[in-house]
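**Student:** upload.txt is the file, holding compact mmCIF, C-alpha atoms and all ligand atoms:
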```txt
# COMPACT_ATOMS: atom_id res chain seq x y z
CA MET Q 1 54.78 -26.97 -42.09
CA SER Q 2 52.07 -27.84 -39.60
CA ARG Q 3 50.58 -25.30 -37.20
CA GLY Q 4 52.82 -25.07 -34.16
CA ASP Q 5 56.11 -25.52 -36.05
CA GLY Q 6 56.46 -21.90 -37.15
CA ASN Q 7 58.38 -20.58 -34.15
CA GLN Q 8 60.89 -23.43 -34.19
CA GLU Q 9 61.43 -23.21 -37.94
CA LEU Q 10 62.02 -19.44 -37.99
CA THR Q 11 64.33 -19.64 -34.95
CA ARG Q 12 66.39 -22.38 -36.64
CA ARG Q 13 66.76 -20.31 -39.82
CA TRP Q 14 67.61 -17.22 -37.73
CA GLN Q 15 70.42 -19.12 -36.00
CA GLY Q 16 71.92 -20.13 -39.34
CA ALA Q 17 71.76 -16.75 -41.03
CA LEU Q 18 72.01 -13.85 -38.58
CA MET Q 19 74.99 -12.65 -36.60
CA ASP Q 20 74.49 -13.56 -32.97
CA ASN Q 21 74.42 -10.09 -31.45
CA TYR Q 22 71.42 -10.53 -29.23
CA GLY Q 23 71.67 -14.04 -27.75
CA THR Q 24 68.92 -16.57 -28.24
CA PRO Q 25 65.91 -14.91 -29.82
CA ARG Q 26 62.72 -14.94 -27.83
CA VAL Q 27 59.65 -15.25 -29.95
CA PRO Q 28 59.47 -14.89 -33.73
CA LEU Q 29 56.72 -12.41 -34.56
CA THR Q 30 54.86 -12.35 -37.85
CA HIS Q 31 52.28 -9.56 -37.65
CA GLY Q 32 50.35 -7.28 -35.35
CA GLU Q 33 47.56 -4.79 -34.95
CA GLY Q 34 47.58 -1.95 -32.45
CA ALA Q 35 49.06 -3.23 -29.19
CA ARG Q 36 48.66 -6.90 -30.16
CA VAL Q 37 51.20 -9.05 -31.99
CA TRP Q 38 51.20 -12.68 -33.14
CA ASP Q 39 53.99 -15.24 -33.26
CA ALA Q 40 54.77 -17.72 -36.03
CA ASP Q 41 52.69 -20.37 -34.24
CA GLY Q 42 49.65 -18.08 -34.34
CA ARG Q 43 49.75 -17.17 -30.62
CA GLU Q 44 48.62 -13.67 -29.60
CA TYR Q 45 50.45 -11.36 -27.18
CA LEU Q 46 49.81 -7.92 -25.70
CA ASP Q 47 52.92 -5.94 -26.60
CA PHE Q 48 54.51 -3.93 -23.77
CA VAL Q 49 57.87 -3.83 -25.59
CA GLY Q 50 56.66 -2.01 -28.70
CA GLY Q 51 59.84 -2.64 -30.70
CA ILE Q 52 61.61 -1.11 -27.67
CA ALA Q 53 59.75 2.19 -27.54
CA VAL Q 54 59.58 2.37 -31.35
CA ASN Q 55 56.04 1.39 -32.34
CA SER Q 56 54.52 4.57 -30.98
CA LEU Q 57 51.19 4.06 -32.75
CA GLY Q 58 51.32 0.28 -32.34
CA THR Q 59 51.70 -2.11 -35.24
CA ALA Q 60 50.10 -1.43 -38.65
CA HIS Q 61 48.44 1.87 -37.72
CA PRO Q 62 46.33 2.87 -40.76
CA ALA Q 63 47.80 6.41 -40.83
CA VAL Q 64 51.37 5.08 -41.05
CA VAL Q 65 50.44 2.38 -43.56
CA ARG Q 66 48.76 4.99 -45.78
CA ALA Q 67 51.56 7.56 -45.50
CA VAL Q 68 54.25 4.99 -46.30
CA SER Q 69 52.32 3.44 -49.21
CA ASP Q 70 51.49 6.81 -50.75
CA GLN Q 71 55.03 8.13 -50.40
CA VAL Q 72 56.78 5.01 -51.72
CA ALA Q 73 54.47 5.07 -54.73
CA MET Q 74 55.32 8.72 -55.40
CA LEU Q 75 59.00 9.25 -54.51
CA GLY Q 76 60.66 6.51 -52.46
CA HIS Q 77 64.10 8.05 -52.17
CA VAL Q 78 65.87 11.18 -53.20
CA SER Q 79 69.55 11.91 -52.70
CA ASN Q 80 70.58 14.83 -50.55
CA LEU Q 81 71.76 16.49 -53.77
CA PHE Q 82 68.06 17.27 -54.22
CA ILE Q 83 65.25 18.06 -51.83
CA ALA Q 84 61.81 16.64 -51.24
CA GLU Q 85 58.76 17.83 -49.33
CA PRO Q 86 58.58 15.23 -46.46
CA PRO Q 87 61.92 16.02 -44.75
CA VAL Q 88 61.26 19.74 -45.04
CA ALA Q 89 57.77 19.41 -43.57
CA LEU Q 90 59.02 17.07 -40.84
CA ALA Q 91 61.88 19.38 -39.84
CA GLU Q 92 59.47 22.33 -39.62
CA LYS Q 93 57.03 20.31 -37.53
CA LEU Q 94 59.72 18.94 -35.18
CA LEU Q 95 61.12 22.41 -34.56
CA GLU Q 96 57.61 23.61 -33.83
CA VAL Q 97 56.55 20.85 -31.43
CA THR Q 98 59.81 20.10 -29.61
CA GLY Q 99 61.48 23.48 -29.93
CA THR Q 100 61.40 25.98 -27.16
CA GLY Q 101 61.25 29.15 -29.18
CA ARG Q 102 64.83 29.47 -30.39
CA PRO Q 103 65.49 29.07 -34.10
CA GLY Q 104 66.94 25.72 -35.01
CA ARG Q 105 67.82 23.29 -37.79
CA VAL Q 106 67.46 19.55 -38.17
CA TYR Q 107 69.81 16.85 -39.45
CA PHE Q 108 68.12 13.56 -40.36
CA SER Q 109 69.73 10.13 -40.09
CA ASN Q 110 68.50 6.57 -39.63
CA SER Q 111 68.89 5.64 -35.98
CA GLY Q 112 69.45 6.90 -32.47
CA ALA Q 113 73.17 6.20 -32.58
CA GLU Q 114 73.51 8.25 -35.75
CA ALA Q 115 71.52 11.10 -34.20
CA VAL Q 116 74.05 11.06 -31.34
CA GLU Q 117 77.06 10.79 -33.72
CA ALA Q 118 75.92 14.02 -35.34
CA ALA Q 119 75.73 15.64 -31.89
CA PHE Q 120 79.26 14.36 -31.16
CA LYS Q 121 80.52 15.99 -34.37
CA ILE Q 122 78.70 19.24 -33.55
CA GLY Q 123 80.50 19.12 -30.19
CA ARG Q 124 83.87 18.68 -31.89
CA ARG Q 125 83.18 21.73 -34.04
CA THR Q 126 83.17 23.93 -30.93
CA GLY Q 127 86.95 23.58 -30.94
CA ARG Q 128 86.85 21.87 -27.54
CA THR Q 129 87.37 18.10 -27.21
CA HIS Q 130 86.39 17.17 -23.63
CA MET Q 131 82.90 15.73 -23.21
CA VAL Q 132 80.84 14.80 -20.17
CA ALA Q 133 78.30 11.98 -20.06
CA THR Q 134 76.66 9.96 -17.30
CA GLN Q 135 77.40 6.58 -15.77
CA GLY Q 136 74.83 4.05 -16.91
CA GLY Q 137 73.75 6.34 -19.76
CA PHE Q 138 73.05 4.81 -23.16
CA HIS Q 139 73.59 6.72 -26.39
CA GLY Q 140 74.15 4.00 -29.00
CA ARG Q 141 76.82 1.62 -30.22
CA THR Q 142 78.64 3.33 -33.08
CA MET Q 143 82.10 4.36 -31.92
CA GLY Q 144 81.38 8.01 -31.07
CA ALA Q 145 78.04 7.22 -29.43
CA LEU Q 146 79.67 4.29 -27.60
CA ALA Q 147 82.32 6.63 -26.21
CA LEU Q 148 79.47 8.62 -24.62
CA THR Q 149 77.59 5.51 -23.43
CA GLY Q 150 78.41 5.06 -19.74
CA GLN Q 151 78.37 1.26 -19.61
CA PRO Q 152 81.93 -0.16 -19.38
CA ALA Q 153 80.91 -3.71 -20.40
CA LYS Q 154 79.67 -2.39 -23.76
CA GLN Q 155 82.79 -0.25 -24.26
CA GLU Q 156 85.57 -2.61 -23.19
CA PRO Q 157 85.61 -4.92 -26.25
CA PHE Q 158 86.15 -1.86 -28.48
CA LEU Q 159 88.76 0.24 -26.71
CA PRO Q 160 90.24 2.66 -27.54
CA LEU Q 161 87.18 4.78 -28.21
CA PRO Q 162 87.32 8.27 -29.68
CA GLY Q 163 87.17 11.32 -27.52
CA ASP Q 164 88.04 12.50 -24.11
CA VAL Q 165 84.91 11.65 -22.14
CA SER Q 166 84.28 11.90 -18.38
CA HIS Q 167 81.37 9.83 -17.03
CA VAL Q 168 79.76 11.25 -13.90
CA PRO Q 169 77.16 9.66 -11.59
CA TYR Q 170 73.66 10.25 -13.00
CA GLY Q 171 71.41 12.64 -11.10
CA ASP Q 172 74.28 14.21 -9.14
CA VAL Q 173 74.39 17.97 -9.76
CA ALA Q 174 77.59 18.48 -7.74
CA ALA Q 175 79.37 15.93 -9.97
CA LEU Q 176 78.20 17.84 -13.05
CA ARG Q 177 79.45 21.09 -11.60
CA ALA Q 178 82.87 19.55 -10.96
CA ALA Q 179 83.20 17.85 -14.37
CA VAL Q 180 81.88 20.49 -16.78
CA THR Q 181 84.43 23.25 -17.33
CA GLU Q 182 85.23 25.95 -19.87
CA GLU Q 183 87.09 23.24 -21.80
CA THR Q 184 84.07 20.98 -22.13
CA ALA Q 185 82.56 20.77 -25.62
CA LEU Q 186 79.32 19.10 -24.61
CA LEU Q 187 77.38 17.48 -21.83
CA ILE Q 188 75.01 14.73 -22.93
CA VAL Q 189 72.17 13.54 -20.68
CA GLU Q 190 68.99 11.50 -20.91
CA PRO Q 191 65.98 13.00 -19.07
CA VAL Q 192 65.29 9.43 -17.86
CA GLN Q 193 67.93 6.74 -18.34
CA GLY Q 194 66.02 4.16 -20.36
CA GLU Q 195 68.49 1.34 -20.97
CA ALA Q 196 70.02 1.66 -17.49
CA GLY Q 197 66.65 0.54 -16.08
CA VAL Q 198 64.26 3.50 -16.37
CA VAL Q 199 66.24 5.57 -13.88
CA VAL Q 200 64.62 8.92 -13.02
CA PRO Q 201 66.94 11.71 -11.78
CA PRO Q 202 65.99 14.10 -8.97
CA GLU Q 203 63.67 16.93 -9.98
CA GLY Q 204 65.53 19.89 -11.44
CA TYR Q 205 68.48 17.82 -12.75
CA LEU Q 206 67.96 18.84 -16.37
CA ALA Q 207 67.55 22.49 -15.40
CA ALA Q 208 70.76 22.32 -13.36
CA ALA Q 209 72.55 20.78 -16.36
CA ARG Q 210 71.34 23.73 -18.43
CA GLU Q 211 72.56 26.26 -15.92
CA ILE Q 212 76.00 24.62 -15.60
CA THR Q 213 76.50 24.29 -19.36
CA ARG Q 214 75.37 27.84 -19.99
CA ALA Q 215 77.85 29.18 -17.42
CA THR Q 216 80.76 27.32 -19.06
CA GLY Q 217 79.80 27.83 -22.71
CA THR Q 218 79.28 24.07 -23.07
CA LEU Q 219 76.69 22.58 -25.41
CA LEU Q 220 73.83 20.81 -23.63
CA VAL Q 221 72.85 17.74 -25.64
CA VAL Q 222 69.64 16.13 -24.39
CA ASP Q 223 69.26 12.60 -25.70
CA GLU Q 224 65.53 12.02 -26.08
CA VAL Q 225 65.88 9.05 -28.43
CA GLN Q 226 63.84 7.04 -25.93
CA THR Q 227 61.86 9.69 -24.03
CA GLY Q 228 60.89 11.95 -26.96
CA ILE Q 229 57.81 12.09 -29.19
CA GLY Q 230 55.17 11.39 -26.60
CA ARG Q 231 56.76 8.55 -24.63
CA THR Q 232 56.53 10.49 -21.35
CA GLY Q 233 53.32 12.28 -22.31
CA HIS Q 234 55.08 15.29 -23.89
CA TRP Q 235 56.64 16.03 -27.25
CA SER Q 236 59.93 16.23 -25.38
CA GLU Q 237 60.96 16.23 -21.74
CA CYS Q 238 63.00 19.39 -22.43
CA GLN Q 239 59.83 21.16 -23.41
CA ALA Q 240 57.91 19.71 -20.44
CA GLN Q 241 60.61 20.87 -18.03
CA GLY Q 242 61.14 24.26 -19.69
CA VAL Q 243 64.77 23.49 -20.57
CA GLU Q 244 66.25 24.78 -23.83
CA PRO Q 245 68.85 22.32 -25.08
CA ASP Q 246 71.47 23.25 -27.66
CA VAL Q 247 71.05 19.87 -29.29
CA LEU Q 248 68.18 17.40 -29.01
CA THR Q 249 68.40 13.84 -30.35
CA LEU Q 250 65.34 11.83 -31.40
CA ALA Q 251 64.77 8.43 -33.01
CA LYS Q 252 62.85 5.33 -31.84
CA GLY Q 253 59.16 6.36 -31.66
CA LEU Q 254 59.57 9.17 -34.19
CA GLY Q 255 59.13 6.95 -37.26
CA GLY Q 256 56.37 4.75 -35.86
CA GLY Q 257 58.42 1.69 -36.90
CA LEU Q 258 60.42 3.14 -39.77
CA PRO Q 259 64.12 3.82 -39.16
CA ILE Q 260 64.78 7.51 -38.65
CA GLY Q 261 66.96 9.62 -36.38
CA ALA Q 262 66.89 13.39 -35.96
CA THR Q 263 69.42 15.78 -34.48
CA LEU Q 264 67.89 19.17 -33.71
CA ALA Q 265 70.35 21.99 -33.09
CA PHE Q 266 69.29 25.35 -31.73
CA GLY Q 267 70.87 28.79 -31.72
CA PRO Q 268 74.59 28.97 -32.65
CA ALA Q 269 74.86 25.12 -32.45
CA ALA Q 270 72.71 24.94 -35.59
CA ASP Q 271 75.53 26.42 -37.69
CA LEU Q 272 78.54 24.49 -36.36
CA LEU Q 273 78.50 21.84 -39.11
CA THR Q 274 79.24 23.34 -42.49
CA PRO Q 275 78.63 21.85 -45.96
CA GLY Q 276 80.62 18.67 -46.58
CA GLN Q 277 81.38 17.96 -42.92
CA HIS Q 278 78.66 15.37 -42.26
CA GLY Q 279 76.03 13.45 -44.19
CA SER Q 280 74.16 10.23 -44.86
CA THR Q 281 72.77 8.68 -48.05
CA PHE Q 282 69.50 7.65 -46.45
CA GLY Q 283 69.07 10.51 -43.95
CA GLY Q 284 65.87 12.41 -44.73
CA ASN Q 285 64.47 9.52 -46.76
CA PRO Q 286 60.98 10.64 -47.84
CA VAL Q 287 59.27 7.39 -46.84
CA ALA Q 288 60.70 7.45 -43.31
CA CYS Q 289 59.86 11.16 -43.04
CA ALA Q 290 56.31 10.60 -44.31
CA ALA Q 291 55.84 7.92 -41.64
CA ALA Q 292 57.13 10.31 -38.96
CA LEU Q 293 54.80 13.07 -40.17
CA ALA Q 294 51.90 10.62 -39.90
CA VAL Q 295 52.99 9.79 -36.34
CA LEU Q 296 53.12 13.47 -35.33
CA ASP Q 297 49.81 14.30 -37.01
CA THR Q 298 48.07 11.30 -35.41
CA ILE Q 299 49.46 12.11 -31.95
CA GLU Q 300 48.00 15.60 -32.35
CA ALA Q 301 44.70 14.66 -33.97
CA GLU Q 302 43.89 11.86 -31.54
CA GLY Q 303 45.02 13.51 -28.30
CA ILE Q 304 47.61 10.79 -27.73
CA LEU Q 305 49.79 12.82 -25.34
CA ALA Q 306 46.83 12.98 -22.95
CA ASN Q 307 46.30 9.23 -23.40
CA VAL Q 308 49.92 8.56 -22.45
CA LYS Q 309 49.60 10.64 -19.28
CA ARG Q 310 46.30 9.00 -18.29
CA ILE Q 311 47.08 5.37 -19.15
CA GLY Q 312 50.68 5.67 -17.93
CA ALA Q 313 49.54 6.90 -14.52
CA ARG Q 314 46.84 4.23 -14.37
CA LEU Q 315 49.32 1.48 -15.19
CA ARG Q 316 51.95 2.76 -12.74
CA ASP Q 317 49.50 3.27 -9.88
CA SER Q 318 47.64 0.01 -10.37
CA ILE Q 319 50.86 -2.03 -10.47
CA ALA Q 320 52.18 -0.25 -7.38
CA ALA Q 321 48.84 -0.88 -5.63
CA LEU Q 322 49.27 -4.65 -6.09
CA GLU Q 323 51.68 -4.48 -3.14
CA HIS Q 324 53.22 -7.71 -4.33
CA PRO Q 325 56.24 -8.79 -2.24
CA MET Q 326 58.37 -9.08 -5.39
CA ILE Q 327 57.70 -5.45 -6.41
CA GLU Q 328 59.95 -2.89 -4.75
CA HIS Q 329 58.42 0.09 -6.57
CA VAL Q 330 57.36 1.36 -9.98
CA ARG Q 331 59.18 4.32 -11.56
CA GLY Q 332 59.25 6.29 -14.79
CA SER Q 333 56.78 8.58 -16.44
CA GLY Q 334 54.09 8.30 -19.06
CA LEU Q 335 54.40 5.00 -20.86
CA LEU Q 336 58.07 4.47 -20.01
CA LEU Q 337 57.84 2.54 -16.78
CA GLY Q 338 60.22 0.38 -14.78
CA ILE Q 339 58.91 -2.24 -12.37
CA VAL Q 340 61.73 -2.53 -9.87
CA LEU Q 341 61.82 -6.00 -8.32
CA THR Q 342 63.03 -6.88 -4.85
CA GLU Q 343 65.30 -9.56 -6.36
CA SER Q 344 67.27 -10.00 -9.57
CA VAL Q 345 64.69 -12.19 -11.30
CA ALA Q 346 63.65 -9.94 -14.20
CA PRO Q 347 64.54 -12.53 -16.89
CA SER Q 348 62.25 -15.12 -15.19
CA VAL Q 349 59.48 -12.52 -14.93
CA GLN Q 350 59.92 -11.71 -18.61
CA GLN Q 351 59.56 -15.41 -19.50
CA ALA Q 352 56.56 -15.95 -17.20
CA ALA Q 353 54.86 -12.87 -18.71
CA GLN Q 354 55.48 -14.22 -22.20
CA ASP Q 355 53.99 -17.59 -21.19
CA ALA Q 356 50.93 -15.66 -20.00
CA GLY Q 357 50.62 -13.74 -23.30
CA PHE Q 358 52.42 -10.46 -22.46
CA LEU Q 359 55.66 -9.21 -24.01
CA VAL Q 360 57.76 -7.25 -21.51
CA ASN Q 361 61.46 -6.48 -21.32
CA ALA Q 362 63.97 -7.35 -18.57
CA VAL Q 363 66.07 -4.21 -19.06
CA ALA Q 364 68.18 -4.88 -15.95
CA PRO Q 365 68.51 -7.94 -13.70
CA ASP Q 366 65.96 -6.43 -11.31
CA VAL Q 367 63.93 -4.15 -13.60
CA ILE Q 368 61.12 -4.90 -16.04
CA ARG Q 369 60.65 -2.11 -18.59
CA LEU Q 370 57.24 -1.33 -20.05
CA ALA Q 371 57.26 0.76 -23.25
CA PRO Q 372 53.97 -0.15 -24.96
CA PRO Q 373 52.43 1.70 -27.90
CA LEU Q 374 51.26 5.20 -26.92
CA ILE Q 375 47.75 4.27 -28.05
CA LEU Q 376 47.46 1.66 -25.29
CA GLY Q 377 43.89 1.40 -24.02
CA GLU Q 378 42.56 1.09 -20.49
CA ALA Q 379 41.52 -2.54 -20.90
CA GLU Q 380 44.94 -3.48 -22.26
CA ALA Q 381 46.74 -1.77 -19.38
CA ASP Q 382 44.40 -3.39 -16.86
CA ALA Q 383 44.96 -6.82 -18.43
CA LEU Q 384 48.68 -6.64 -17.59
CA THR Q 385 48.04 -5.46 -14.04
CA ALA Q 386 45.54 -8.28 -13.51
CA ALA Q 387 47.97 -10.89 -14.84
CA LEU Q 388 51.04 -9.64 -12.94
CA PRO Q 389 50.52 -11.32 -9.53
CA ALA Q 390 50.35 -14.79 -11.12
CA VAL Q 391 53.26 -13.93 -13.45
CA LEU Q 392 55.40 -12.82 -10.50
CA ASP Q 393 54.40 -15.87 -8.46
CA ALA Q 394 55.31 -18.14 -11.37
CA ALA Q 395 58.69 -16.38 -11.76
CA GLY Q 396 59.31 -16.56 -7.99
CA GLY Q 397 58.34 -20.25 -7.98
CA ALA Q 398 60.67 -20.95 -10.90
CA ARG Q 399 63.48 -19.37 -8.92
CA ARG Q 400 62.84 -21.50 -5.84
CA THR Q 401 62.70 -24.86 -7.65
N1 LIG Q 501 70.05 7.03 -27.13
C1 LIG Q 501 69.14 6.50 -26.29
C2 LIG Q 501 68.69 7.31 -25.12
C3 LIG Q 501 68.64 5.21 -26.51
O1 LIG Q 501 67.75 4.68 -25.67
C4 LIG Q 501 69.09 4.49 -27.64
C5 LIG Q 501 68.58 3.11 -27.96
N2 LIG Q 501 68.25 2.31 -26.92
C6 LIG Q 501 70.05 5.09 -28.49
C7 LIG Q 501 70.50 6.37 -28.20
C8 LIG Q 501 70.57 4.38 -29.71
O2 LIG Q 501 69.55 4.21 -30.65
P1 LIG Q 501 69.70 3.15 -31.84
O3 LIG Q 501 69.58 1.79 -31.22
O4 LIG Q 501 68.55 3.48 -32.76
O5 LIG Q 501 71.00 3.36 -32.47
```
Could you rewrite the structure in this file as structure tokens?
Ligand code: PMP
**Tutor:**
Amino acid sequence: MSRGDGNQELTRRWQGALMDNYGTPRVPLTHGEGARVWDADGREYLDFVGGIAVNSLGTAHPAVVRAVSDQVAMLGHVSNLFIAEPPVALAEKLLEVTGTGRPGRVYFSNSGAEAVEAAFKIGRRTGRTHMVATQGGFHGRTMGALALTGQPAKQEPFLPLPGDVSHVPYGDVAALRAAVTEETALLIVEPVQGEAGVVVPPEGYLAAAREITRATGTLLVVDEVQTGIGRTGHWSECQAQGVEPDVLTLAKGLGGGLPIGATLAFGPAADLLTPGQHGSTFGGNPVACAAALAVLDTIEAEGILANVKRIGARLRDSIAALEHPMIEHVRGSGLLLGIVLTESVAPSVQQAAQDAGFLVNAVAPDVIRLAPPLILGEAEADALTAALPAVLDAAGGARRT
């Protein structure tokens, strides 16, 4: 295979072997380092997708590589009939950093959807069946999580879905007040709707959700699969906003690239599932937990939360300051940003960025999502800002021809 054929070859094999869930693949990647990744033709990109908010420490961070190698050499897997140190240490650490003082317990799984499924089951154990979620919200694609996801196009091919779920407009406190009653098992909300296009609710929304759920004896489930573990510059948005959830879901960035989901339950919610009611063969896998511990330790040791706040603000402000006619505004917090375009050309912008050596994600027809590694440096952030005007012009030009 000569240099330059790698992308084509891998794409052809992909088409023959993998189920076509995601449409035509974009660029086959082979390796990376920090915020840079390379494709199968040897071309380098700055990565503002980050495995979709997963590669919190970038690609091949030495701390993750070491933790995974050491753990897999020592004890790669242990069934939940036994226990091992990494899940215990990780649960303790998660309760400490994301908890808000109340005692809690953790259930480990392998993905965000599974973290939400566990929350769904905890909700069912209240004895109530009605649930409230938000329009546009995304909570995963397994059947319970999909029932909570507020995107009809993703639900319709799979109806009927379990549960009795009301979807209310996101950010609207009056709608929450009307929908959540003394018969509601749980309310699930994202602090920022990631998949819907980095949609930020009005200030105080999460606190209002807490007040309404407390008054009706409803569980408040905050889905921080995307926003948690430093993405917005905090361990969790709940903690940043002083809101005590009953259940908190985490995944994505937690494992630094390894698959892991966590469902944290606080107070009485921690005891609703009893032995035998829920489980997973791989949940709490020591290798995934060791990777997550390395992520948490590195975030702490290297002051990464402060980096996210500083670089996130720099990126947001510098892009907004471009005052490009195709940019309506920039929203989000920390290193979860949405560039809202004045027209629905996000896919063309994504392609033009890729041609210029930047991986970004058209999360909605008019929104480009940036979710780079949390270790992103100033020069890397500035490189995107500097390239954006030409990228937008190229995308705009492509539209007009
Ligand atoms: N909840 C939220 C808020 C998410 O953003 C996602 C993934 N985009 C999920 C749940 C589902 O996670 P997974 O894809 O790991 O199942």
**Student:** Please report, as a Markdown table, each residue of chain Q lying at most 7 Å from ligand LIG 501 (chain Q), together with the nearest pair of atoms and the separation in Å rounded to one decimal; use only C-alpha atoms and all ligand atoms, and order rows by chain and ascending residue number.
**Tutor:**
```
| residue | atom | partner | partner_atom | distance |
| --- | --- | --- | --- | --- |
| Q:Ser111 | CA | Q:LIG501 | O4 | 3.9 |
| Q:Gly112 | CA | Q:LIG501 | O2 | 3.2 |
| Q:Ala113 | CA | Q:LIG501 | O5 | 3.6 |
| Q:Glu114 | CA | Q:LIG501 | O5 | 6.4 |
| Q:Val116 | CA | Q:LIG501 | C7 | 6.7 |
| Q:Phe138 | CA | Q:LIG501 | C1 | 5.3 |
| Q:His139 | CA | Q:LIG501 | C7 | 3.6 |
| Q:Gly140 | CA | Q:LIG501 | C8 | 3.7 |
| Q:Arg141 | CA | Q:LIG501 | O5 | 6.5 |
| Q:Glu190 | CA | Q:LIG501 | C2 | 5.9 |
| Q:Gln193 | CA | Q:LIG501 | C2 | 6.8 |
| Q:Gly194 | CA | Q:LIG501 | O1 | 5.6 |
| Q:Glu195 | CA | Q:LIG501 | O1 | 5.8 |
| Q:Asp223 | CA | Q:LIG501 | C2 | 5.4 |
| Q:Glu224 | CA | Q:LIG501 | C2 | 5.8 |
| Q:Val225 | CA | Q:LIG501 | C1 | 4.7 |
| Q:Gln226 | CA | Q:LIG501 | O1 | 4.6 |
| Q:Ala251 | CA | Q:LIG501 | O4 | 6.2 |
| Q:Lys252 | CA | Q:LIG501 | O4 | 6.1 |
```
**Student:** Skipping near chain neighbours, those fewer than 4 positions away, what residues fall within 9 Å of Glu33 in chain Q using only C-alpha atoms, listed as a PyMOL selection string?
**Tutor:** chain Q and resi 37-38+58-61
**Student:** Using only C-alpha atoms, which of Q:Asp70, Q:Asp366, Q:Asp393, Q:Asp5 sits nearest Gly197 in chain Q?
**Tutor:**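 Result for the nearest residue to Gly197 in chain Q: Q:Asp366.
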**Student:** What's the separation between CA of Asn361 in chain Q and CA of Leu159 in chain Q, in Å to one decimal place?
**Tutor:**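 Those two atoms sit 28.6 Å apart.
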**Student:** Report the distance between CA of Ser166 in chain Q and CA of Arg214 in chain Q in Å, rounded to one decimal place.
**Tutor:**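 These two atoms are separated by 18.3 Å.
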**Student:** Tell me which of Q:Leu10, Q:Ala73, Q:Leu206, Q:Val199 sits closest to Val27 in chain Q, counting all atoms listed in the file.
**Tutor:**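 Nearest to Val27 in chain Q: Q:Leu10.
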